[in-house]
Every structure is written in structure tokens, then in C-alpha cells.
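Text of final_39.txt, listed as compact mmCIF, C-alpha atoms:
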# COMPACT_ATOMS: atom_id res chain seq x y z
CA MET B 5 86.06 151.32 60.73
CA GLN B 6 83.61 150.54 57.93
CA LYS B 7 85.27 147.14 57.54
CA LEU B 8 84.85 146.51 61.25
CA ILE B 9 81.14 147.33 61.05
CA LEU B 10 80.77 145.03 58.06
CA ILE B 11 82.50 142.17 59.90
CA ILE B 12 80.25 142.67 62.96
CA LEU B 13 77.14 142.63 60.78
CA VAL B 14 78.27 139.45 58.99
CA VAL B 15 78.95 137.78 62.38
CA LEU B 16 75.51 138.84 63.68
CA ILE B 17 73.73 137.46 60.62
CA ALA B 18 75.74 134.23 60.63
CA CYS B 19 75.06 133.61 64.32
CA SER B 20 71.34 134.30 64.11
CA LYS B 21 69.13 131.39 65.25
CA LYS B 22 67.61 129.01 62.73
CA ASP B 23 64.80 126.87 64.10
CA LYS B 24 64.10 124.15 61.61
CA ASP B 25 62.24 121.28 63.20
CA GLU B 26 61.48 118.15 61.25
CA GLU B 27 57.77 118.23 60.65
CA LYS B 28 55.41 115.34 60.23
CA PRO B 29 53.04 115.46 57.24
CA GLY B 30 50.22 117.80 58.14
CA ILE B 31 47.56 116.22 55.95
CA LEU B 32 46.24 112.89 57.12
CA THR B 33 44.52 111.22 54.25
CA LEU B 34 44.34 108.29 51.86
CA ARG B 35 46.90 108.36 49.10
CA GLU B 36 47.12 106.30 45.91
CA MET B 37 50.34 104.38 45.29
CA SER B 38 51.74 102.08 42.65
CA ASP B 39 54.64 100.43 44.44
CA LEU B 40 55.69 96.85 43.89
CA ALA B 41 57.71 95.72 46.90
CA THR B 42 59.92 92.78 45.99
CA VAL B 43 62.35 92.48 48.87
CA GLU B 44 62.06 92.75 52.62
CA TYR B 45 65.11 93.02 54.86
CA THR B 46 64.82 92.27 58.54
CA VAL B 47 67.64 93.98 60.42
CA THR B 48 68.50 94.14 64.10
CA LYS B 49 70.34 96.70 66.16
CA VAL B 50 71.44 96.89 69.77
CA ILE B 51 70.55 100.16 71.49
CA LYS B 52 73.11 100.96 74.16
CA ALA B 53 72.96 104.11 76.27
CA SER B 54 74.36 105.45 79.53
CA ASP B 55 72.81 108.47 81.16
CA ASN B 56 75.78 109.80 83.12
CA LYS B 57 76.65 113.05 81.35
CA THR B 58 74.65 115.44 83.57
CA TRP B 59 76.86 116.68 86.39
CA PHE B 60 74.15 117.43 88.96
CA LYS B 61 72.46 114.03 88.75
CA MET B 62 73.80 111.62 91.36
CA GLY B 63 74.59 108.15 90.07
CA ASP B 64 73.97 106.92 86.57
CA ARG B 65 71.55 104.72 84.72
CA LYS B 66 72.20 102.38 81.82
CA ILE B 67 69.96 100.65 79.36
CA LEU B 68 70.47 97.96 76.76
CA MET B 69 67.68 97.41 74.25
CA SER B 70 67.37 95.52 70.99
CA CYS B 71 65.25 96.48 68.04
CA GLU B 72 64.15 94.79 64.85
CA ALA B 73 63.31 96.75 61.69
CA HIS B 74 61.68 95.67 58.45
CA ILE B 75 62.74 97.50 55.30
CA LYS B 76 60.87 96.98 52.05
CA ALA B 77 62.17 98.00 48.63
CA GLY B 78 60.90 97.69 45.10
CA ILE B 79 59.84 99.75 42.12
CA ASP B 80 57.23 102.36 41.34
CA MET B 81 54.96 100.79 38.72
CA SER B 82 53.71 104.22 37.61
CA GLY B 83 57.09 104.64 35.90
CA ILE B 84 56.22 101.88 33.41
CA ASN B 85 54.61 102.93 30.13
CA GLU B 86 54.24 101.62 26.58
CA ASN B 87 57.81 102.68 25.77
CA SER B 88 59.05 100.36 28.52
CA PHE B 89 58.39 97.26 26.37
CA ARG B 90 60.03 95.95 23.21
CA ILE B 91 58.32 92.80 21.99
CA THR B 92 59.14 90.47 19.10
CA ASP B 93 57.18 87.21 19.02
CA LYS B 94 58.13 85.36 22.22
CA ASN B 95 60.97 87.77 23.02
CA ILE B 96 60.42 90.68 25.35
CA GLU B 97 62.63 93.43 26.71
CA VAL B 98 61.32 95.48 29.65
CA VAL B 99 62.82 98.67 31.04
CA LEU B 100 61.84 99.14 34.69
CA PRO B 101 62.26 102.18 36.93
CA GLN B 102 65.17 102.21 39.37
CA PRO B 103 64.30 100.55 42.69
CA LYS B 104 63.64 102.58 45.81
CA VAL B 105 63.04 102.03 49.50
CA ILE B 106 59.31 101.76 50.03
CA SER B 107 58.97 101.52 53.81
CA VAL B 108 60.86 101.23 57.06
CA SER B 109 58.94 99.69 59.92
CA ILE B 110 60.04 99.18 63.50
CA PRO B 111 57.07 97.51 65.19
CA PRO B 112 56.70 98.14 68.94
CA GLU B 113 56.91 94.41 69.67
CA GLY B 114 60.30 94.38 67.93
CA ILE B 115 61.79 96.66 70.59
CA LYS B 116 62.88 94.84 73.75
CA THR B 117 64.55 96.03 76.92
CA GLU B 118 67.32 93.49 77.56
CA TYR B 119 69.00 95.09 80.57
CA GLU B 120 68.47 98.14 82.74
CA GLU B 121 70.48 99.47 85.68
CA THR B 122 69.37 102.50 87.65
CA GLY B 123 71.29 104.19 90.44
CA VAL B 124 69.64 104.69 93.86
CA PHE B 125 69.15 108.41 93.29
CA ARG B 126 67.90 108.12 89.73
CA ASP B 127 64.47 107.50 88.19
CA LYS B 128 63.96 104.48 85.99
CA PHE B 129 63.80 104.98 82.24
CA LYS B 130 60.28 106.07 81.30
CA SER B 131 58.42 104.93 78.20
CA GLN B 132 59.15 108.36 76.71
CA ASP B 133 62.90 107.95 77.36
CA ARG B 134 62.91 104.50 75.77
CA ASP B 135 61.03 105.89 72.73
CA ALA B 136 63.61 108.68 72.40
CA LEU B 137 66.43 106.11 72.35
CA ALA B 138 64.57 103.92 69.86
CA THR B 139 64.01 107.00 67.68
CA GLN B 140 67.78 107.51 67.55
CA ALA B 141 68.18 103.85 66.52
CA GLU B 142 65.54 104.38 63.83
CA GLN B 143 67.54 107.31 62.47
CA HIS B 144 70.75 105.20 62.46
CA ILE B 145 68.93 102.46 60.53
CA ARG B 146 67.53 104.94 58.00
CA LYS B 147 71.01 106.41 57.45
CA SER B 148 72.51 102.95 56.94
CA ILE B 149 69.99 101.74 54.35
CA ASP B 150 72.31 102.46 51.41
CA SER B 151 75.07 100.32 52.87
CA LEU B 152 72.77 97.32 53.34
CA GLY B 153 72.61 96.69 49.59
CA ILE B 154 68.82 96.51 49.63
CA LEU B 155 68.43 98.39 46.33
CA ASN B 156 70.67 95.94 44.48
CA GLN B 157 68.74 93.06 46.00
CA ALA B 158 65.49 94.78 44.99
CA LYS B 159 66.74 94.84 41.38
CA ILE B 160 67.50 91.11 41.49
CA ASN B 161 64.17 90.24 43.10
CA THR B 162 62.13 92.54 40.84
CA SER B 163 63.79 90.99 37.78
CA MET B 164 62.92 87.51 39.08
CA PHE B 165 59.37 88.54 39.89
CA VAL B 166 58.67 90.24 36.55
CA THR B 167 60.36 87.40 34.68
CA GLY B 168 58.10 84.88 36.43
CA PHE B 169 55.02 86.94 35.54
CA LEU B 170 56.04 87.34 31.90
CA LYS B 171 56.72 83.60 31.63
CA ARG B 172 53.13 83.01 32.75
CA LEU B 173 52.08 85.27 29.89
CA GLY B 174 53.94 82.98 27.51
CA TYR B 175 57.19 84.82 26.82
CA GLU B 176 60.32 82.72 26.46
CA ASN B 177 63.21 85.14 26.09
CA ILE B 178 62.95 87.86 28.71
CA VAL B 179 65.40 90.71 29.22
CA ILE B 180 64.96 93.08 32.13
CA LYS B 181 66.69 96.45 32.17
CA TYR B 182 66.54 99.35 34.55
CA ASN B 183 66.40 103.01 33.57
CA GLY B 184 69.97 104.17 33.13
CA SER B 185 71.66 100.82 33.74
CA PHE B 186 72.82 97.63 32.03
CA PRO B 187 70.55 94.55 31.70
CA GLN B 188 69.91 93.07 35.13
CA ASN B 189 68.67 89.67 34.19
CA SER B 190 68.14 87.75 31.03
CA MET B 191 66.32 84.47 30.83
CA GLN B 192 66.66 82.39 27.70
CA MET K 6 88.87 157.48 55.51
CA ARG K 7 85.96 159.34 57.16
CA LYS K 8 85.57 158.68 60.88
CA LEU K 9 82.22 157.51 62.21
CA PRO K 10 80.58 159.73 64.82
CA ARG K 11 81.17 158.58 68.40
CA PRO K 12 77.47 158.17 69.33
CA LEU K 13 77.07 155.73 66.42
CA ILE K 14 80.07 153.67 67.57
CA ALA K 15 78.71 153.65 71.12
CA LEU K 16 75.31 152.51 69.86
CA LEU K 17 76.93 149.74 67.84
CA VAL K 18 78.95 148.58 70.84
CA ILE K 19 75.76 148.50 72.97
CA VAL K 20 73.89 146.47 70.32
CA VAL K 21 76.74 143.94 70.04
CA ALA K 22 77.08 143.68 73.82
CA TYR K 23 73.32 143.12 74.21
CA TRP K 24 73.34 140.47 71.50
CA LEU K 25 76.28 138.64 73.09
CA PHE K 26 74.64 138.77 76.52
CA THR K 27 71.25 137.45 75.38
CA ASN K 28 72.52 134.90 72.87
CA VAL K 29 75.74 133.63 74.41
CA VAL K 30 75.99 134.41 78.13
CA VAL K 31 72.38 133.79 79.24
CA PRO K 32 71.86 130.50 77.31
CA SER K 33 75.17 129.07 78.54
CA MET K 34 74.16 129.90 82.14
CA ARG K 35 70.80 128.27 81.57
CA ASN K 36 72.50 125.19 80.11
CA ILE K 37 74.44 124.63 83.32
CA PHE K 38 71.29 123.24 84.93
CA LYS K 39 69.96 121.53 81.83
CA SER K 40 70.09 117.74 81.56
CA LYS K 41 72.42 116.51 78.84
CA PRO K 42 70.63 114.45 76.17
CA VAL K 43 71.16 110.70 76.33
CA VAL K 44 72.84 109.61 73.11
CA ILE K 45 72.96 105.98 72.04
CA ASP K 46 76.27 104.35 71.15
CA GLU K 47 77.12 103.49 67.55
CA THR K 48 76.40 99.79 67.15
CA PRO K 49 76.38 97.72 63.96
CA ILE K 50 73.22 96.86 62.08
CA LEU K 51 72.88 93.14 61.43
CA ILE K 52 70.90 91.68 58.55
CA LYS K 53 68.78 88.91 60.03
CA GLU K 54 66.75 87.89 57.01
CA ILE K 55 66.29 88.74 53.34
CA LYS K 56 62.87 87.75 52.06
CA SER K 57 61.50 87.80 48.51
CA ILE K 58 58.07 89.34 48.41
CA GLY K 59 55.68 90.56 45.73
CA GLN K 60 53.42 93.12 47.33
CA LEU K 61 51.61 95.58 45.10
CA ILE K 62 50.93 98.51 47.45
CA THR K 63 48.15 100.59 45.98
CA TYR K 64 46.81 102.73 48.82
CA THR K 65 48.27 104.33 51.95
CA SER K 66 46.30 105.84 54.77
CA PHE K 67 48.10 108.42 56.91
CA ASP K 68 46.48 108.73 60.30
CA GLU K 69 46.80 110.09 63.82
CA VAL K 70 45.39 108.08 66.70
CA VAL K 71 45.27 108.30 70.47
CA ALA K 72 45.64 105.21 72.63
CA ASP K 73 45.36 105.27 76.40
CA THR K 74 45.35 102.75 79.22
CA THR K 75 44.94 102.98 82.95
CA ILE K 76 46.24 100.20 85.20
CA LYS K 77 45.32 99.87 88.86
CA THR K 78 48.30 99.55 91.20
CA LYS K 79 48.56 98.14 94.73
CA GLY K 80 47.97 101.61 96.17
CA SER K 81 44.91 102.31 93.99
CA ALA K 82 42.45 100.47 96.27
CA PHE K 83 43.71 102.29 99.37
CA VAL K 84 43.58 105.71 97.68
CA ASN K 85 40.10 105.06 96.27
CA ASN K 86 38.77 103.87 99.65
CA PHE K 87 40.32 106.82 101.45
CA ASN K 88 38.87 109.31 98.98
CA ARG K 89 35.46 107.59 99.31
CA ILE K 90 35.54 108.02 103.10
CA THR K 91 36.58 111.66 102.94
CA ARG K 92 34.05 112.24 100.11
CA LEU K 93 36.60 114.57 98.56
CA PRO K 94 39.50 113.35 96.42
CA ILE K 95 42.21 114.42 98.85
CA LEU K 96 44.80 111.88 97.72
CA PRO K 97 45.87 111.87 94.07
CA SER K 98 45.04 108.75 92.11
CA ALA K 99 47.59 105.96 92.37
CA ASP K 100 46.59 104.44 89.03
CA LYS K 101 49.15 104.16 86.28
CA GLU K 102 48.12 106.06 83.18
CA LEU K 103 49.63 106.21 79.72
CA VAL K 104 48.28 108.27 76.84
CA LEU K 105 50.08 108.03 73.51
CA ILE K 106 49.54 109.88 70.26
CA GLY K 107 50.63 107.92 67.20
CA ARG K 108 51.03 109.25 63.68
CA GLY K 109 51.55 106.40 61.25
CA LYS K 110 50.42 104.82 58.03
CA VAL K 111 48.53 101.79 56.83
CA LEU K 112 49.49 100.18 53.52
CA ALA K 113 46.97 98.20 51.52
CA GLY K 114 47.25 96.22 48.32
CA SER K 115 47.52 92.82 46.74
CA ASP K 116 50.06 90.11 47.48
CA LEU K 117 51.12 89.18 43.95
CA SER K 118 53.33 86.36 45.23
CA LEU K 119 50.06 84.41 45.52
CA LEU K 120 49.57 84.52 41.74
CA THR K 121 49.60 81.04 40.21
CA ASP K 122 49.58 79.70 36.66
CA SER K 123 45.80 79.48 36.82
CA SER K 124 45.61 83.20 37.74
CA VAL K 125 46.56 84.19 34.17
CA SER K 126 44.96 83.07 30.94
CA ILE K 127 45.67 84.31 27.40
CA THR K 128 43.78 83.88 24.15
CA LYS K 129 45.38 85.75 21.22
CA ASP K 130 45.22 89.46 22.18
CA THR K 131 42.98 88.89 25.18
CA VAL K 132 44.36 88.42 28.67
CA ARG K 133 42.56 87.62 31.90
CA VAL K 134 44.22 88.03 35.30
CA TYR K 135 42.74 87.04 38.65
CA LEU K 136 44.46 89.18 41.29
CA PRO K 137 44.79 87.90 44.85
CA LYS K 138 42.38 89.59 47.25
CA VAL K 139 43.57 92.96 48.56
CA GLN K 140 44.53 93.15 52.20
CA ILE K 141 46.19 95.37 54.78
CA LEU K 142 49.83 94.71 54.01
CA ASP K 143 51.40 96.77 56.79
CA ALA K 144 50.57 99.22 59.56
CA ILE K 145 53.61 101.30 60.38
CA LEU K 146 54.03 103.09 63.69
CA ASN K 147 57.72 103.67 64.30
CA PRO K 148 59.25 104.97 67.56
CA SER K 149 59.51 108.46 66.04
CA ASP K 150 55.79 108.36 65.24
CA PHE K 151 54.79 108.29 68.92
CA GLU K 152 54.34 111.18 71.28
CA THR K 153 53.80 110.53 74.99
CA PHE K 154 51.05 112.84 76.17
CA VAL K 155 50.58 111.47 79.71
CA GLU K 156 52.77 109.02 81.59
CA LYS K 157 51.93 108.39 85.24
CA GLY K 158 53.65 105.60 87.12
CA GLU K 159 56.25 103.10 85.99
CA TRP K 160 55.46 101.40 82.69
CA THR K 161 57.27 98.27 81.60
CA ASN K 162 58.18 97.72 77.97
CA GLU K 163 55.59 94.93 77.70
CA GLU K 164 52.80 97.18 79.03
CA VAL K 165 53.76 99.94 76.58
CA ILE K 166 53.73 97.44 73.69
CA LEU K 167 50.09 96.63 74.52
CA VAL K 168 49.12 100.32 74.38
CA LYS K 169 50.97 100.75 71.09
CA ALA K 170 49.26 97.65 69.69
CA LYS K 171 45.96 99.34 70.59
CA ALA K 172 47.02 102.42 68.60
CA ARG K 173 47.96 100.20 65.66
CA ARG K 174 44.55 98.43 65.74
CA LYS K 175 42.78 101.81 65.84
CA MET K 176 44.76 103.00 62.84
CA ILE K 177 43.84 99.89 60.84
CA ASP K 178 40.16 100.24 61.87
CA HIS K 179 40.15 103.89 60.72
CA ALA K 180 41.67 102.90 57.39
CA ILE K 181 39.07 100.18 56.87
CA GLN K 182 36.29 102.62 57.78
CA GLN K 183 37.67 104.94 55.09
CA ASN K 184 37.16 102.10 52.57
CA ILE K 185 40.84 101.60 51.95
CA LEU K 186 40.30 97.99 50.80
CA PRO K 187 37.78 98.64 47.97
CA LYS K 188 39.87 101.62 46.86
CA ALA K 189 43.07 99.56 46.94
CA ASP K 190 41.32 96.81 44.97
CA ALA K 191 40.19 99.22 42.25
CA LYS K 192 43.65 100.78 42.02
CA ALA K 193 45.37 97.36 41.85
CA LYS K 194 43.16 96.46 38.90
CA VAL K 195 43.96 99.75 37.14
CA ILE K 196 47.72 99.22 37.63
CA MET K 197 47.55 95.67 36.26
CA GLU K 198 45.35 96.74 33.34
CA ASP K 199 47.76 99.56 32.45
CA PHE K 200 50.73 97.17 32.67
CA LEU K 201 49.11 94.66 30.32
CA ARG K 202 47.76 97.27 27.89
CA ASN K 203 51.23 98.85 27.71
CA MET K 204 52.48 95.40 26.67
CA GLY K 205 50.13 95.53 23.71
CA TYR K 206 47.15 93.40 24.79
CA LYS K 207 43.97 94.85 23.31
CA HIS K 208 41.47 93.17 25.62
CA VAL K 209 42.47 93.11 29.27
CA TYR K 210 40.26 91.75 32.02
CA VAL K 211 41.46 91.96 35.60
CA PHE K 212 39.35 90.41 38.31

File written out as C-alpha cells:
Amino acid sequence: MQKLILIILVVLIACSKKDKDEEKPGILTLREMSDLATVEYTVTKVIKASDNKTWFKMGDRKILMSCEAHIKAGIDMSGINENSFRITDKNIEVVLPQPKVISVSIPPEGIKTEYEETGVFRDKFKSQDRDALATQAEQHIRKSIDSLGILNQAKINTSMFVTGFLKRLGYENIVIKYNGSFPQNSMQ
Amino acid sequence: MRKLPRPLIALLVIVVAYWLFTNVVVPSMRNIFKSKPVVIDETPILIKEIKSIGQLITYTSFDEVVADTTIKTKGSAFVNNFNRITRLPILPSADKELVLIGRGKVLAGSDLSLLTDSSVSITKDTVRVYLPKVQILDAILNPSDFETFVEKGEWTNEEVILVKAKARRKMIDHAIQQNILPKADAKAKVIMEDFLRNMGYKHVYVF
């Protein structure tokens, strides 16, 4: 009997509701940054949806939209300090922080309704409905960022950018490394 | 094993039954008449362009703005005239109205891709760098950043874009009013100075 009570209690605790909504930052302010964005990907996605899953709604409605997103990646310059450089005459070795995604932007003008079909007994898609669908697309894009290879490209571009800058400063042999990785680029 | 008293078992059974009724039976009955969410299909993401940039982002302004627009429809004139005659607003307005709340961010900094050979000059342990002028590099208002507060009438995608563009302009104006550009300029100089000093230059001048 005691075991039974224990099982019931465990079930009750496990099934208790957990309301965890994703919250937007509560403080709206100016914030200092030190990000150097070196690559920008422009990606597109087709948003396809059919609203025919609700049994009591007569007829269905379909929508086909396209969206364009801009993803920027680069490095955080605050991670560079005096230990990041090794200099001998015209030779320089720089250790940079690992690249990161800096921003994801889906501008409103990048979202287009390509096709819409609404049944006789249904309302057209409202602006709010279209935003909800675009929000799902935004989440898909955010989840797929790793597979786009943007961080590797950011390494290549950052190396090129820093190399170009150091050449302007007069260095001839430049080696760029990233924290915890092999040399990314070496210019002789 | 000691048996539990019957009243305690009965109480336990009542508690479990109540919990099942309120948490399982009632919600599932409610869900019968609830609209199912519209879920988008899985579609591939295509890379359209890969661009090399060199933006030094030094300040971000997080902001919340409200943008609203009212558009007169064909029925608006009739409703307005009718309400004028009756002197009381009997008919509801036929205007289209959209009020959006946007929570986004404005990024400011310097576009270092504009640096040229003449932007950098070195004399022994002294370096001078002329940074490109700071600017608003991006104003980000994604679909998830918008909340529709009021939506009356049918709004086309193009009409909504105009309202969202208004929100974006407001956000940029707020950021400029908060002196984001001078602050971003000062921070860009500090970052460049730190970078060059860490390289070993004793006298660093960033303009």
C-alpha cells in the first residue's frame, strides 16, 4: 500500500504543470558591444501552411510565403588581449576568439505572400496569423544556423580581414589562430 | 505490513480523482472546441548570398515601439456621413486599423571595410588610425518581435510592411535621440586603441 501511495505521489508531481514562456529581455537600454562582424549570409525559406486541422471549421485555407533572413557572424573583440599577440620583427601571430553568430534579421520587407487560398466559409489570414507563421520560420532558421557553415566562413573571413589590417600596419608574415584550434590562415 | 486506515485511502482516492478530472478530463473537453495551431511545413533553407563584411558593432539599443495606421475604406465615408446625420455614432467605424508593438534592437558602429591604406599611418612606435564614421548598421525587428495589439479590417502584406517600416524608423529615431552614435564612436575608438596597444604600440591615436 505504501508503494502504491508513493507511485501516486510521483505521478502527481511528474504530471504537474510547468509554465515556462520564453520571455523577451525586460530591460530596454543601450548596451556596449565589441563585435566584429565579418560575414553575412542571406538565406531564403519558403513558408508553407495549410489550416485544415480543426474539425469544426468548414473548408480550409492555405498560404505560401517566402522569407529572406540575414545572418551575421564574427568575433568578440573584447576577447583579444596582450597575450593574443606574439610579435618578432615583421612576423606576427594572433590568437582570436572563436567566432559566434552576432545577429539574425528577418526584415518585414523580406517576407512576401506568394499565394493564398481561402475557403468560402473561412476568414482570410490576418497579419497576426502571417506573423505567427513567419515566427515559426524564424525559429527554423535559428535552429539551422549550425548547419549553414557560417561559423567556419566567419573564421575564414575574419582571418582575411585581420590579415589585411595587419598588412597595413606593416607586418609581412601573419599567422592567425583561434582559441582552441589549429592555425586558420597564414600569409607569407 | 501495516494497513492504512480506510478514511485515509478514501481521501487519497478522492484527491486523485479530483486531480484527474481537473487536469485531464476538463482540459480535453475544452480542447474539443479549440482551434488547432497552424504549423508550417519543413522546407529547406537556401543560401542566397555570402558576403564579406567588416562591421565593428560597438553599441546596441534595445527598444519597444508602437506603430499604428488607420486606412479609410469604401464604407468609411458612408459610415461617417450616417453618424454625422444621427449625431450619435450608431454605426461602428469602417476604417481599417492596425496597431503593432515591436521590440527590437538597433546596432551602431563603424564599417571597417571602408578602411584604406591612407587610414593607417605608422612612425616607429606611434600609430594613427582614421576610423570610418560610425553609423546605424542594422535595425532588427523580426517576426517574433511583433505583437499585434489591434487589427481591424483586412490588411495586405504590403500595407503591414509599411506599418512595420514605421516601427523600424521610430526605433532608429529613439536610438539616435539616446545618442547612440557618439557613444558608438567613442567605444569604437576605445576598441581600436586597446587592439593596437595590446600589439605593443606605445602611442596610439585613433580619430

Test item: chain B residues at most 7 Å from chain K, counting all atoms listed in the file, as JSON, numbers by chain:
{"B": [32, 33, 34, 35, 36, 37, 38, 39, 40, 41, 42, 43, 44, 45, 46, 47, 48, 49, 50, 51, 52, 53, 54, 55, 57, 58, 85, 86, 89, 109, 110, 111, 112, 113, 116, 117, 130, 131, 132, 135, 137, 138, 139, 161, 172, 173]}

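Restricting the calculation to all atoms listed in the file, the smallest distance between B:Val105 and any of B:Ile149, B:Val166, B:Ala136, B:Ile84 is found for B:Ile149.
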
How many Å lie between atom CA of B:Gly63 and atom CA of K:Gly80, rounded to one decimal?
28.1 Å

Counting all atoms listed in the file, which residues come within 8 Å of (69.1, 97.1, 85.8), with the point read in the file's coordinates, and could you list them as a PDB file with C-alpha atoms, in the frame of the given file?
ATOM      1  CA  LYS B  66      72.200 102.380  81.820  1.00  0.00           C
ATOM      2  CA  ILE B  67      69.960 100.650  79.360  1.00  0.00           C
ATOM      3  CA  TYR B 119      69.000  95.090  80.570  1.00  0.00           C
ATOM      4  CA  GLU B 120      68.470  98.140  82.740  1.00  0.00           C
ATOM      5  CA  GLU B 121      70.480  99.470  85.680  1.00  0.00           C
ATOM      6  CA  THR B 122      69.370 102.500  87.650  1.00  0.00           C
TER       7      THR B 122
END

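Of the listed residues B:Met69, B:Ile75, B:Ser82, B:Gly168, the one whose atoms come nearest to B:Asp150 is B:Ile75, with distances taken using only C-alpha atoms.
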
Taking (64.2, 95.4, 70.1) in the file's coordinates, which residues come within 6 Å, counting only C-alpha atoms, written as an mmCIF file with C-alpha atoms, in the frame of the given file?
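Saved file selection25.cif follows:
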data_model
loop_
_atom_site.group_PDB
_atom_site.id
_atom_site.type_symbol
_atom_site.label_atom_id
_atom_site.label_comp_id
_atom_site.auth_asym_id
_atom_site.auth_seq_id
_atom_site.Cartn_x
_atom_site.Cartn_y
_atom_site.Cartn_z
ATOM 1 C CA MET B 69 67.680 97.410 74.250
ATOM 2 C CA SER B 70 67.370 95.520 70.990
ATOM 3 C CA CYS B 71 65.250 96.480 68.040
ATOM 4 C CA GLU B 72 64.150 94.790 64.850
ATOM 5 C CA GLY B 114 60.300 94.380 67.930
ATOM 6 C CA ILE B 115 61.790 96.660 70.590
ATOM 7 C CA LYS B 116 62.880 94.840 73.750
#

Atom pair atom CA of K:Lys207 / atom CA of K:Thr131: separation (Å)
6.3 Å

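Reported to one decimal place, the separation of atom CA of B:Ser148 from atom CA of B:Met81 is 25.4 Å.
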
Give the answer as one residue: which of B:Ala77, B:Asp64, B:Ser88, B:Asp127 has the shortest atom-to-atom distance to B:Ile160, using only C-alpha atoms?
B:Ala77

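Nearest-residue note for B:Asp80: choosing from B:Ile106, B:Leu68, B:Leu152, B:Ile145, the minimum distance belongs to B:Ile106, counting all atoms listed in the file.
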
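Taking only C-alpha atoms into account, B:Lys181 lies nearest to B:Glu97 out of the set B:Arg90, B:Glu97, B:Lys76, B:Lys128.
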
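Nearest-residue note for B:Pro101: choosing from B:Phe60, B:Asn177, B:Gly153, B:Gly83, the minimum distance belongs to B:Gly83, counting only C-alpha atoms.
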